[in-house]
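Everything below belongs to structure_8.cif, which stores mmCIF, C-alpha atoms and all ligand atoms.
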data_target
loop_
_atom_site.label_atom_id
_atom_site.label_comp_id
_atom_site.auth_asym_id
_atom_site.auth_seq_id
_atom_site.Cartn_x
_atom_site.Cartn_y
_atom_site.Cartn_z
CA MET A 1183 314.11 179.34 62.56
CA GLY A 1184 317.72 178.63 63.50
CA SER A 1185 319.03 181.30 61.20
CA VAL A 1186 316.37 183.83 62.13
CA LEU A 1187 316.97 183.66 65.84
CA SER A 1188 320.61 182.71 66.01
CA SER A 1189 322.13 183.51 69.36
CA ARG A 1190 325.13 185.12 67.69
CA ASP A 1191 325.56 188.83 68.06
CA HIS A 1192 325.71 190.47 64.62
CA SER A 1193 325.87 194.03 65.95
CA GLU A 1194 329.37 194.61 64.57
CA SER A 1195 328.33 193.40 61.11
CA ILE A 1196 325.34 195.75 61.20
CA LYS A 1197 327.60 198.67 62.02
CA ARG A 1198 330.01 197.70 59.24
CA MET A 1199 327.26 197.31 56.64
CA VAL A 1200 325.59 200.62 57.46
CA ALA A 1201 328.95 202.35 57.65
CA ARG A 1202 329.86 201.10 54.19
CA ASP A 1203 326.52 202.12 52.78
CA LEU A 1204 326.45 205.63 54.22
CA GLN A 1205 330.22 206.04 54.05
CA LEU A 1206 330.42 206.99 57.70
CA PRO A 1207 332.88 205.22 59.98
CA TYR A 1208 330.97 204.97 63.28
CA GLY A 1209 327.67 203.55 64.51
CA SER A 1210 326.04 202.92 67.91
CA LEU A 1211 323.02 200.67 68.38
CA TYR A 1212 320.03 201.27 70.67
CA ILE A 1213 316.75 199.65 71.58
CA THR A 1214 314.78 202.17 69.43
CA GLY A 1215 315.31 205.05 67.03
CA ARG A 1216 314.01 207.46 69.66
CA ALA A 1217 316.58 206.16 72.16
CA ALA A 1218 319.27 206.80 69.53
CA MET A 1219 317.88 210.31 68.96
CA ALA A 1220 317.65 211.08 72.70
CA SER A 1221 321.24 209.86 73.20
CA VAL A 1222 322.74 211.90 70.43
CA LEU A 1223 320.86 215.00 71.57
CA GLU A 1224 321.91 214.48 75.17
CA SER A 1225 325.52 214.14 74.01
CA MET A 1226 325.29 217.46 72.18
CA MET A 1227 324.01 219.15 75.34
CA HIS A 1228 326.86 217.55 77.27
CA LEU A 1229 329.61 218.35 74.77
CA ARG A 1230 328.70 222.03 74.21
CA GLY A 1231 331.08 224.60 75.75
CA HIS A 1232 330.91 225.32 79.50
CA ASP A 1233 329.40 228.78 79.07
CA ASP A 1234 327.24 227.83 76.07
CA PRO A 1235 323.59 228.39 77.12
CA ARG A 1236 322.02 227.08 73.92
CA ASN A 1237 319.23 224.60 74.72
CA GLU A 1238 316.85 224.79 71.74
CA ILE A 1239 316.27 222.44 68.85
CA ILE A 1240 314.57 223.20 65.53
CA ILE A 1241 312.10 220.47 64.54
CA PRO A 1242 309.97 220.52 61.38
CA ALA A 1243 306.33 220.90 62.45
CA TYR A 1244 305.24 217.73 60.69
CA THR A 1245 307.22 214.66 61.71
CA CYS A 1246 307.08 211.61 63.98
CA TYR A 1247 305.94 212.65 67.48
CA SER A 1248 308.75 210.69 69.09
CA VAL A 1249 311.28 213.18 67.70
CA ALA A 1250 309.69 215.72 70.05
CA SER A 1251 309.75 213.30 73.01
CA SER A 1252 313.43 212.50 72.36
CA ALA A 1253 314.27 216.21 72.33
CA ILE A 1254 312.33 216.90 75.53
CA ASN A 1255 313.94 213.89 77.25
CA ALA A 1256 317.36 215.29 76.32
CA GLY A 1257 316.47 218.63 77.96
CA PHE A 1258 315.69 220.74 74.89
CA ASN A 1259 313.08 223.39 74.24
CA ILE A 1260 311.53 223.11 70.79
CA ARG A 1261 311.43 225.78 68.09
CA LEU A 1262 309.13 224.57 65.31
CA CYS A 1263 309.63 225.38 61.65
CA ASP A 1264 306.78 225.05 59.17
CA ILE A 1265 307.04 222.66 56.22
CA ASP A 1266 306.29 223.19 52.54
CA PRO A 1267 303.21 221.07 51.62
CA VAL A 1268 304.52 220.77 48.05
CA THR A 1269 307.67 218.84 49.02
CA LEU A 1270 307.10 218.02 52.73
CA SER A 1271 310.57 219.50 53.31
CA TYR A 1272 311.33 222.50 55.53
CA ASP A 1273 309.76 225.80 54.45
CA LEU A 1274 313.08 227.55 53.89
CA ASP A 1275 311.63 231.08 54.22
CA CYS A 1276 310.27 230.12 57.62
CA LEU A 1277 313.62 228.58 58.56
CA HIS A 1278 315.53 231.73 57.67
CA ARG A 1279 313.17 233.86 59.77
CA LEU A 1280 313.71 231.82 62.96
CA ASP A 1281 315.58 233.30 65.90
CA THR A 1282 318.59 230.96 66.18
CA ASP A 1283 320.41 232.65 69.12
CA ARG A 1284 319.71 229.74 71.46
CA VAL A 1285 319.50 226.94 68.89
CA LEU A 1286 322.01 224.10 69.40
CA ALA A 1287 320.59 221.44 67.05
CA MET A 1288 318.09 220.82 64.27
CA VAL A 1289 316.66 217.64 62.75
CA SER A 1290 315.51 216.63 59.29
CA ALA A 1291 312.39 214.46 58.78
CA ASN A 1292 312.68 212.71 55.38
CA LEU A 1293 309.17 211.28 55.83
CA TYR A 1294 307.96 208.37 53.67
CA GLY A 1295 311.46 208.07 52.22
CA PHE A 1296 311.33 211.54 50.58
CA PRO A 1297 314.62 213.34 51.28
CA ASN A 1298 314.33 216.84 52.73
CA ASP A 1299 316.41 219.52 51.05
CA LEU A 1300 319.41 218.26 53.03
CA PRO A 1301 322.10 220.27 51.20
CA ALA A 1302 320.19 223.48 52.09
CA LEU A 1303 319.68 222.34 55.71
CA GLU A 1304 323.35 221.43 56.04
CA GLN A 1305 324.37 224.82 54.74
CA PHE A 1306 321.96 226.62 57.08
CA ALA A 1307 323.23 224.60 60.03
CA SER A 1308 326.88 225.29 59.30
CA GLU A 1309 326.26 229.01 58.75
CA HIS A 1310 324.59 229.25 62.15
CA GLY A 1311 326.86 226.89 64.09
CA ILE A 1312 324.00 224.41 64.61
CA HIS A 1313 324.35 220.60 64.71
CA LEU A 1314 322.18 219.02 62.02
CA ILE A 1315 320.86 215.55 62.85
CA ASP A 1316 319.70 213.72 59.75
CA ASP A 1317 316.71 211.57 60.74
CA ALA A 1318 316.76 208.67 58.26
CA ALA A 1319 314.30 206.52 60.23
CA GLN A 1320 312.00 206.45 57.18
CA ALA A 1321 314.57 207.03 54.48
CA LEU A 1322 317.36 204.45 54.64
CA TYR A 1323 318.67 204.05 51.04
CA ALA A 1324 317.15 207.34 49.81
CA ARG A 1325 319.68 209.71 48.31
CA ILE A 1326 320.03 213.36 47.45
CA ASN A 1327 322.71 214.68 45.11
CA GLY A 1328 324.04 211.12 45.11
CA ARG A 1329 324.66 211.08 48.88
CA GLY A 1330 322.76 208.77 51.26
CA VAL A 1331 320.08 210.20 53.58
CA GLY A 1332 321.36 209.76 57.14
CA SER A 1333 324.85 210.91 56.18
CA TYR A 1334 324.14 214.65 56.22
CA GLY A 1335 325.02 216.86 59.17
CA ARG A 1336 326.82 215.83 62.34
CA ALA A 1337 324.96 212.54 62.92
CA GLY A 1338 322.25 210.40 61.36
CA ILE A 1339 319.48 208.38 63.02
CA LEU A 1340 318.15 205.04 61.78
CA SER A 1341 315.20 203.04 63.10
CA PHE A 1342 314.61 199.30 62.83
CA ASP A 1343 311.04 199.54 64.10
CA LYS A 1344 307.99 197.96 62.48
CA GLY A 1345 307.15 199.37 59.07
CA LYS A 1346 310.61 200.79 58.36
CA ASN A 1347 312.76 199.67 55.42
CA VAL A 1348 314.85 197.36 57.60
CA THR A 1349 313.17 196.04 60.73
CA SER A 1350 313.72 193.79 63.72
CA LEU A 1351 310.43 195.03 65.26
CA GLN A 1352 312.47 197.47 67.29
CA GLY A 1353 315.94 198.94 67.16
CA GLY A 1354 317.74 202.15 66.33
CA MET A 1355 321.15 203.49 65.45
CA VAL A 1356 323.26 206.63 65.48
CA VAL A 1357 325.70 207.00 62.57
CA THR A 1358 328.44 209.61 62.45
CA GLU A 1359 331.93 210.43 61.25
CA ASP A 1360 332.59 212.48 64.39
CA GLU A 1361 334.98 210.46 66.52
CA SER A 1362 334.51 212.46 69.74
CA LEU A 1363 330.74 212.11 69.50
CA TYR A 1364 331.09 208.37 68.86
CA ARG A 1365 333.47 207.90 71.81
CA TYR A 1366 331.06 209.72 74.09
CA LEU A 1367 328.11 207.58 72.92
CA GLU A 1368 330.04 204.33 73.34
CA ASN A 1369 331.14 205.32 76.87
CA GLN A 1370 327.52 206.01 77.72
CA GLN A 1371 326.54 202.61 76.28
CA ASP A 1372 328.54 200.92 79.04
CA SER A 1373 326.17 202.35 81.64
CA LEU A 1374 322.97 201.48 79.75
CA SER A 1375 320.78 198.58 80.86
CA ASP A 1376 319.75 195.64 78.76
CA LEU A 1377 316.13 194.88 78.13
CA ASN A 1378 314.94 192.96 81.22
CA LEU A 1379 314.01 189.31 81.04
CA THR A 1380 310.29 189.95 80.62
CA GLY A 1381 311.07 192.41 77.84
CA LYS A 1382 313.33 189.88 76.13
CA LEU A 1383 310.74 187.13 76.36
CA LYS A 1384 308.13 189.45 74.89
CA GLU A 1385 310.47 190.33 72.01
CA LEU A 1386 311.29 186.69 71.42
CA PHE A 1387 307.62 185.82 71.35
CA LYS A 1388 306.79 188.61 68.90
CA VAL A 1389 309.64 187.65 66.60
CA LEU A 1390 308.59 184.00 66.65
CA VAL A 1391 305.00 184.87 65.84
CA TYR A 1392 305.89 187.31 63.08
CA TYR A 1393 308.49 185.17 61.42
CA ALA A 1394 307.25 181.64 61.94
CA PHE A 1395 303.55 182.14 61.34
CA LEU A 1396 302.88 185.51 59.80
CA HIS A 1397 305.92 186.16 57.71
CA PRO A 1398 304.13 186.92 54.42
CA VAL A 1399 301.89 189.47 56.06
CA MET A 1400 304.45 190.93 58.38
CA TYR A 1401 304.45 194.22 56.55
CA GLN A 1402 300.71 194.30 56.22
CA ILE A 1403 300.20 194.28 59.95
CA PRO A 1404 301.69 197.66 60.77
CA ALA A 1405 300.19 199.08 57.59
CA ASN A 1406 296.68 198.01 58.49
CA ILE A 1407 296.56 198.56 62.22
CA SER A 1408 296.21 202.32 62.15
CA PHE A 1409 299.65 203.77 61.54
CA SER A 1410 301.69 201.98 64.15
CA GLY A 1411 304.26 201.13 61.50
CA LEU A 1412 305.78 204.58 61.23
CA GLY A 1413 306.06 205.65 64.82
CA GLU A 1414 303.24 206.40 67.18
CA THR A 1415 300.22 208.48 66.38
CA ILE A 1416 299.79 209.11 70.06
CA TYR A 1417 302.35 211.15 71.92
CA GLU A 1418 304.41 209.30 74.51
CA GLU A 1419 306.70 211.33 76.71
CA GLU A 1420 308.78 208.41 78.02
CA VAL A 1421 311.88 207.37 76.05
CA ALA A 1422 313.68 204.32 77.49
CA VAL A 1423 317.36 204.40 76.52
CA LEU A 1424 318.50 200.77 76.57
CA ARG A 1425 320.99 198.64 74.67
CA TYR A 1426 319.98 196.93 71.44
CA PRO A 1427 319.20 193.24 72.14
CA PRO A 1428 321.81 191.15 70.22
CA MET A 1429 319.12 188.51 69.78
CA LEU A 1430 317.43 190.76 67.19
CA SER A 1431 320.61 191.51 65.27
CA SER A 1432 320.44 188.63 62.79
CA LEU A 1433 317.11 189.95 61.48
CA VAL A 1434 318.59 193.35 60.69
CA LYS A 1435 321.77 191.86 59.25
CA ASP A 1436 319.76 189.64 56.95
CA GLN A 1437 317.68 192.55 55.65
CA LEU A 1438 320.66 194.85 55.25
CA ASN A 1439 322.04 192.22 52.88
CA ARG A 1440 318.89 192.63 50.78
CA GLY A 1441 318.38 196.29 51.65
CA ARG A 1442 318.88 197.74 48.21
CA ASP A 1443 316.39 195.25 46.73
CA ILE A 1444 313.81 195.99 49.44
CA ALA A 1445 314.14 199.70 48.71
CA ALA A 1446 314.08 199.20 44.93
CA ASN A 1447 310.86 197.23 45.21
CA ARG A 1448 309.17 199.95 47.28
CA THR A 1449 310.43 202.57 44.85
CA ALA A 1450 308.97 200.71 41.86
CA ILE A 1451 305.56 200.58 43.57
CA GLY A 1452 305.79 204.26 44.54
CA GLN A 1453 306.65 205.23 40.99
CA TYR A 1454 303.75 203.16 39.68
CA TYR A 1455 301.33 205.15 41.89
CA ASP A 1456 302.99 208.38 40.87
CA ARG A 1457 302.61 207.68 37.14
CA SER A 1458 299.02 206.53 37.63
CA PHE A 1459 298.02 209.75 39.41
CA ASP A 1460 299.48 212.06 36.78
CA GLY A 1461 296.68 214.42 35.76
CA ILE A 1462 294.10 212.98 38.21
CA GLY A 1463 291.90 215.65 39.82
CA GLY A 1464 291.06 216.04 43.50
CA ILE A 1465 294.49 215.03 44.76
CA THR A 1466 297.93 216.62 44.94
CA ARG A 1467 301.10 214.55 44.62
CA ILE A 1468 304.22 215.33 46.65
CA ILE A 1469 307.09 216.63 44.52
CA PRO A 1470 310.57 215.45 45.53
CA VAL A 1471 313.06 218.28 46.11
CA SER A 1472 315.70 218.84 43.46
CA GLY A 1473 318.34 216.09 43.30
CA ALA A 1474 316.32 213.70 45.49
CA GLU A 1475 315.92 209.95 44.93
CA PRO A 1476 313.06 208.95 47.29
CA VAL A 1477 312.64 205.33 48.48
CA TYR A 1478 308.84 205.53 49.00
CA LEU A 1479 308.55 203.85 52.40
CA ARG A 1480 304.91 204.73 51.79
CA TYR A 1481 303.37 206.80 49.01
CA PRO A 1482 302.02 210.08 50.40
CA LEU A 1483 299.45 212.25 48.68
CA LEU A 1484 297.19 215.12 49.70
CA VAL A 1485 293.44 214.80 49.10
CA ASP A 1486 292.08 218.27 48.31
CA ASP A 1487 288.69 217.81 50.00
CA LYS A 1488 288.45 216.94 53.69
CA GLN A 1489 285.22 214.92 53.54
CA THR A 1490 286.38 212.96 50.50
CA ARG A 1491 289.57 212.07 52.33
CA LEU A 1492 287.70 210.83 55.40
CA ARG A 1493 285.49 208.68 53.20
CA LEU A 1494 288.52 207.15 51.47
CA LEU A 1495 290.21 206.37 54.81
CA ASP A 1496 287.01 204.93 56.18
CA GLN A 1497 286.17 202.71 53.22
CA LYS A 1498 289.57 201.59 51.92
CA ARG A 1499 291.48 200.74 55.06
CA ALA A 1500 291.52 197.08 54.04
CA LEU A 1501 293.67 197.97 51.03
CA GLY A 1502 296.28 199.42 53.35
CA ILE A 1503 295.33 203.04 52.65
CA SER A 1504 295.88 204.97 55.87
CA ALA A 1505 296.32 208.42 57.31
CA SER A 1506 299.56 209.55 58.91
CA TYR A 1507 300.35 211.63 61.99
CA PRO A 1508 296.95 213.21 62.67
CA LYS A 1509 298.40 216.46 64.03
CA ALA A 1510 301.19 218.90 63.32
CA LEU A 1511 303.53 219.30 66.32
CA SER A 1512 302.16 222.84 66.66
CA GLN A 1513 298.78 221.24 67.52
CA LEU A 1514 300.10 218.73 70.04
CA THR A 1515 299.00 220.03 73.46
CA GLU A 1516 301.33 217.60 75.27
CA ILE A 1517 304.46 219.46 74.08
CA ARG A 1518 303.10 223.02 74.27
CA HIS A 1519 305.00 223.79 77.51
CA LYS A 1520 308.30 223.11 75.69
CA LEU A 1521 307.62 225.22 72.58
CA VAL A 1522 309.45 228.52 72.14
CA GLY A 1523 308.87 231.32 69.63
CA GLN A 1524 305.55 231.72 67.84
CA PRO A 1525 304.86 228.42 66.18
CA ASP A 1526 302.82 229.47 63.16
CA CYS A 1527 302.66 226.35 60.99
CA PRO A 1528 299.82 226.47 58.43
CA GLY A 1529 301.69 224.20 55.98
CA ALA A 1530 302.18 221.39 58.51
CA GLU A 1531 298.61 221.72 59.79
CA TRP A 1532 297.27 221.52 56.24
CA VAL A 1533 299.30 218.37 55.54
CA ALA A 1534 298.11 216.69 58.77
CA GLN A 1535 294.53 217.31 57.71
CA GLN A 1536 294.78 216.27 54.04
CA ILE A 1537 297.41 213.50 53.89
CA VAL A 1538 296.75 209.91 52.91
CA THR A 1539 299.48 207.28 52.55
CA LEU A 1540 299.49 204.20 50.34
CA PRO A 1541 301.36 200.94 51.05
CA THR A 1542 304.51 200.00 49.12
CA HIS A 1543 305.66 196.90 51.03
CA ALA A 1544 306.71 193.63 49.41
CA TYR A 1545 303.31 191.99 49.79
CA VAL A 1546 301.28 194.58 47.90
CA ARG A 1547 300.13 192.68 44.82
CA GLN A 1548 299.54 194.13 41.39
CA GLN A 1549 295.81 193.64 41.92
CA ASP A 1550 295.94 195.64 45.19
CA MET A 1551 297.83 198.40 43.42
CA SER A 1552 295.19 198.63 40.68
CA GLU A 1553 292.38 198.73 43.24
CA ILE A 1554 294.17 201.41 45.22
CA VAL A 1555 294.76 203.51 42.11
CA ASP A 1556 291.08 203.12 41.11
CA SER A 1557 289.83 204.12 44.57
CA VAL A 1558 291.95 207.25 44.58
CA SER A 1559 291.30 208.16 40.94
CA ASN A 1560 287.53 207.93 41.40
CA LEU A 1561 287.52 210.25 44.37
CA GLY A 1562 286.68 213.38 42.44
CA ARG A 1563 283.72 211.73 40.77
CA ALA A 1564 282.41 210.19 44.02
CA GLY A 1565 282.64 213.65 45.57
CA VAL A 1566 280.36 215.16 42.93
CA ASN A 1567 277.82 212.34 43.14
CA GLY A 1568 277.68 212.57 46.91
C1 LIG B 1 310.04 205.78 63.52
C2 LIG B 1 310.64 207.13 63.55
C3 LIG B 1 311.46 207.59 64.59
C4 LIG B 1 311.70 206.82 65.85
O1 LIG B 1 312.09 205.51 65.67
P1 LIG B 1 311.60 204.38 66.70
O2 LIG B 1 312.50 203.24 66.40
O3 LIG B 1 310.16 204.10 66.40
O4 LIG B 1 311.79 204.92 68.08
C5 LIG B 1 312.04 208.84 64.48
N1 LIG B 1 311.80 209.62 63.42
C6 LIG B 1 311.01 209.24 62.42
C7 LIG B 1 310.80 210.16 61.26
C8 LIG B 1 310.38 207.98 62.45
O5 LIG B 1 309.57 207.61 61.45
#

Can you give me the file's structure in the form of structure tokens?
Ligand SMILES: *Cc1c(COP(=O)(O)O)cnc(C)c1O
Amino acid sequence: MGSVLSSRDHSESIKRMVARDLQLPYGSLYITGRAAMASVLESMMHLRGHDDPRNEIIIPAYTCYSVASSAINAGFNIRLCDIDPVTLSYDLDCLHRLDTDRVLAMVSANLYGFPNDLPALEQFASEHGIHLIDDAAQALYARINGRGVGSYGRAGILSFDKGKNVTSLQGGMVVTEDESLYRYLENQQDSLSDLNLTGKLKELFKVLVYYAFLHPVMYQIPANISFSGLGETIYEEEVAVLRYPPMLSSLVKDQLNRGRDIAANRTAIGQYYDRSFDGIGGITRIIPVSGAEPVYLRYPLLVDDKQTRLRLLDQKRALGISASYPKALSQLTEIRHKLVGQPDCPGAEWVAQQIVTLPTHAYVRQQDMSEIVDSVSNLGRAGVNG
């Protein structure tokens, strides 16, 4: 346990390792990915020109709910853009139709480790004078056109929460090459609070339990308990912006050392599913956008029939088969008062209703993979027989 919970602060090593990997010079650590997102958005509000009234952010209509809470906490109104169910990336026609007069920022999603069409988003953002934030919470080590996800746009966001590629149960990071943005964030860090003693003790306890007693199933836990591993499936308005606890830093450092292997292992499992489902009826695979190298944090697929999907989720939860965010952001009543424009998002709403995700973590055994593939492949037949 000594090495797991060393009292040394490895924050600077974490920043160096991520910086090297994404080829960006600066990083700031936070208690969560949503705290990192809220901070970078708040800084953009603060650093815009004195007479610049822009206060809107474009968010893809299917992503982690906490992206919306971070934006609202930073004072933004939200303009939703539909997604393309084929790739899960932005629907570019929808994007080009949006009224961008008051848009200051936009975020990518890169869900399940599938890169969005980041070169197209970056071009759109620069043409319209919008700050792109590349949300790599689920896509650390994914690449598109050879460039790491998280390194597109003005700043990237990483999460070290449960169920992400690199985890210390919680944690988040902003990465950027923009020195003025970085300086602003680091100045703000000085006024942030640390996790209080009760919070620290809770963290310590969780880490001890996970690592000392449950290590082999650590990844199974978030996968099996609903979907807690990839951000909340309930909307929470509150975003606490606190410093990253140094006590957790050795966990992240250790995994960053093995990060490429962790990602390669998930990718191999994802590609196994993908090959196995080639030509199988009743389901639709997600197609990566051109130039993308996904890391398959989970393996997403769309089940064509609603009832069949519910039966699969109901009966095969033990294999780690689970749903994802149950609603598109356009259906989330809690954020309705902050939405602007006419959010018409049939693609995102379709995905929310049809998506199933399969586990790719290190403790999925070959036997589990075969059972999962069988369960999904037999869906069509089960549907016909009742
Ligand atoms: C997990 C996640 C976040 C937020 O990260 P937390 O560390 O859970 O706050 C943001 N965006 C996406 C896409 C995520 O999956």

Per-residue nearest contacts chain A to ligand LIG 1 (chain B), cut-off 6 Å, using only C-alpha atoms and all ligand atoms, as CSV:
residue,atom,partner,partner_atom,distance
A:Thr1214,CA,B:LIG1,O2,3.9
A:Gly1215,CA,B:LIG1,O2,3.4
A:Arg1216,CA,B:LIG1,O4,3.7
A:Thr1245,CA,B:LIG1,C7,5.8
A:Cys1246,CA,B:LIG1,C7,4.8
A:Ser1248,CA,B:LIG1,C4,5.8
A:Val1249,CA,B:LIG1,C5,5.5
A:Ala1291,CA,B:LIG1,C7,5.2
A:Leu1293,CA,B:LIG1,C7,5.8
A:Asp1317,CA,B:LIG1,N1,5.9
A:Ala1319,CA,B:LIG1,C8,4.7
A:Gln1320,CA,B:LIG1,O5,5.0
A:Ser1341,CA,B:LIG1,O2,4.3
A:Phe1342,CA,B:LIG1,O2,5.7
A:Asp1343,CA,B:LIG1,O2,4.6
A:Gln1352,CA,B:LIG1,O2,5.8
A:Gly1353,CA,B:LIG1,O2,5.6
A:Gly1354,CA,B:LIG1,O2,5.4
A:Leu1412,CA,B:LIG1,O5,4.9
A:Gly1413,CA,B:LIG1,C1,4.2

For Leu1377 of chain A, which residue out of A:Tyr1212, A:Arg1480, A:His1232, A:Ser1195 is the nearest one, using all atoms listed in the file? A:Tyr1212

Neighbouring residues of segment 1312-1314 of chain A were defined as those with any atom within 7 Å, considering only C-alpha atoms; residues of the same chain fewer than 5 positions away were excluded. Please report them as JSON, numbers by chain. {"A": [1285, 1286, 1287, 1288, 1289, 1304, 1307, 1335, 1336]}

Between A:Tyr1244, A:Pro1476, A:Ser1557, A:Lys1435, smallest distance to Gln1513 of chain A by all atoms listed in the file belongs to A:Tyr1244

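Counting only C-alpha atoms, the residue from A:Arg1491, A:Asp1456, A:Phe1296, A:Ile1240 that sits nearest to Asp1264 of chain A is A:Ile1240.
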
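For the choices A:Tyr1455, A:Lys1488, A:Ala1505, A:Ile1265, the atom-to-atom distance to Val1555 of chain A is smallest for A:Tyr1455 when using all atoms listed in the file.
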
Return as AutoDock Vina command-line options the box centre and box size in Å, one decimal, for an axis-aligned box around all listed atoms of segment 1446-1463 of chain A padded by 3 Å per side.
--center_x 303.0 --center_y 206.4 --center_z 41.5 --size_x 28.2 --size_y 24.4 --size_z 17.5

In terms of all atoms listed in the file, the residue from A:Asp1556, A:Asp1191, A:Glu1475, A:Glu1419 at minimal distance from Asp1299 of chain A is A:Glu1475

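When atom CA of Arg1499 of chain A is paired with atom CA of Leu1484 of chain A, their separation reads 16.4 Å.
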
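Closest to Gly1328 of chain A among A:Ser1512, A:Gln1535, A:Gln1205, A:Ser1504 is A:Gln1205, based on only C-alpha atoms.
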
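Atom CA of Tyr1507 of chain A lies 22.9 Å from atom CA of Met1551 of chain A.
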
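Using all atoms listed in the file, the protein and nucleic acid residues lying at most 9 Å from the point (294.2, 218.8, 62.4) are Pro1508, Lys1509, Ala1510, Gln1513, Glu1531, Trp1532, Val1533, Ala1534, Gln1535 and Gln1536 of chain A.
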
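Rounded to one decimal, atom CA of Ala1446 of chain A and atom CA of Asp1460 of chain A lie 21.1 Å from each other.
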
Radius query 8 Å about (312.3, 199.0, 56.6), atoms used: only C-alpha atoms, as a list in words: Gln1320, Leu1322, Phe1342, Asp1343, Lys1344, Gly1345, Lys1346, Asn1347, Val1348, Thr1349, Ile1444 and Leu1479 of chain A

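For Thr1449 of chain A, the residues within 7 Å (counting only C-alpha atoms, excluding itself and residues fewer than 4 positions away along the chain) are Ala1445, Gln1453, Val1477 and Tyr1478 of chain A.
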
Near-Glu1516 of chain A list (10 Å; all atoms listed in the file; drop same-chain fewer than 4 positions) as a PDB file with C-alpha atoms, in the coordinates of the input:
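After the write, result18.pdb holds the following:
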ATOM      1  CA  SER A1251     309.750 213.300  73.010  1.00  0.00           C
ATOM      2  CA  TYR A1417     302.350 211.150  71.920  1.00  0.00           C
ATOM      3  CA  GLU A1418     304.410 209.300  74.510  1.00  0.00           C
ATOM      4  CA  GLU A1419     306.700 211.330  76.710  1.00  0.00           C
ATOM      5  CA  LEU A1511     303.530 219.300  66.320  1.00  0.00           C
ATOM      6  CA  LYS A1520     308.300 223.110  75.690  1.00  0.00           C
TER       7      LYS A1520
END

Considering only C-alpha atoms, return as a ChimeraX atom specification whatever protein or nucleic-acid residues lie within 7 Å of Ala1318 of chain A, sequence-local ones (same chain, fewer than 2 positions apart) excluded. /A:1292,1316,1320-1322,1331-1332,1338-1340

Please identify all polymer residues within 7 Å of Tyr1481 of chain A, counting all atoms listed in the file, omitting same-chain residues fewer than 4 positions from it, and present them as an MDAnalysis selection string. chainID A and resid 1294 1452 1539:1542

So that I can look at just that part, could you write segment 1244-1259 of chain A with C-alpha atoms, as a compact mmCIF listing (two decimals), in the first residue's frame?
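The resulting file, selection.txt, is reproduced below:
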# COMPACT_ATOMS: atom_id res chain seq x y z
CA TYR A 1244 -25.95 13.88 -26.27
CA THR A 1245 -23.14 14.05 -23.73
CA CYS A 1246 -22.42 13.78 -20.00
CA TYR A 1247 -24.97 15.86 -18.05
CA SER A 1248 -22.23 17.46 -15.98
CA VAL A 1249 -21.03 19.36 -19.05
CA ALA A 1250 -24.33 21.24 -18.88
CA SER A 1251 -23.99 21.85 -15.12
CA SER A 1252 -20.44 23.16 -15.58
CA ALA A 1253 -21.63 25.57 -18.27
CA ILE A 1254 -24.54 26.81 -16.17
CA ASN A 1255 -22.28 27.23 -13.13
CA ALA A 1256 -19.94 29.36 -15.26
CA GLY A 1257 -22.87 31.63 -16.24
CA PHE A 1258 -23.59 30.37 -19.75
CA ASN A 1259 -26.81 29.85 -21.64
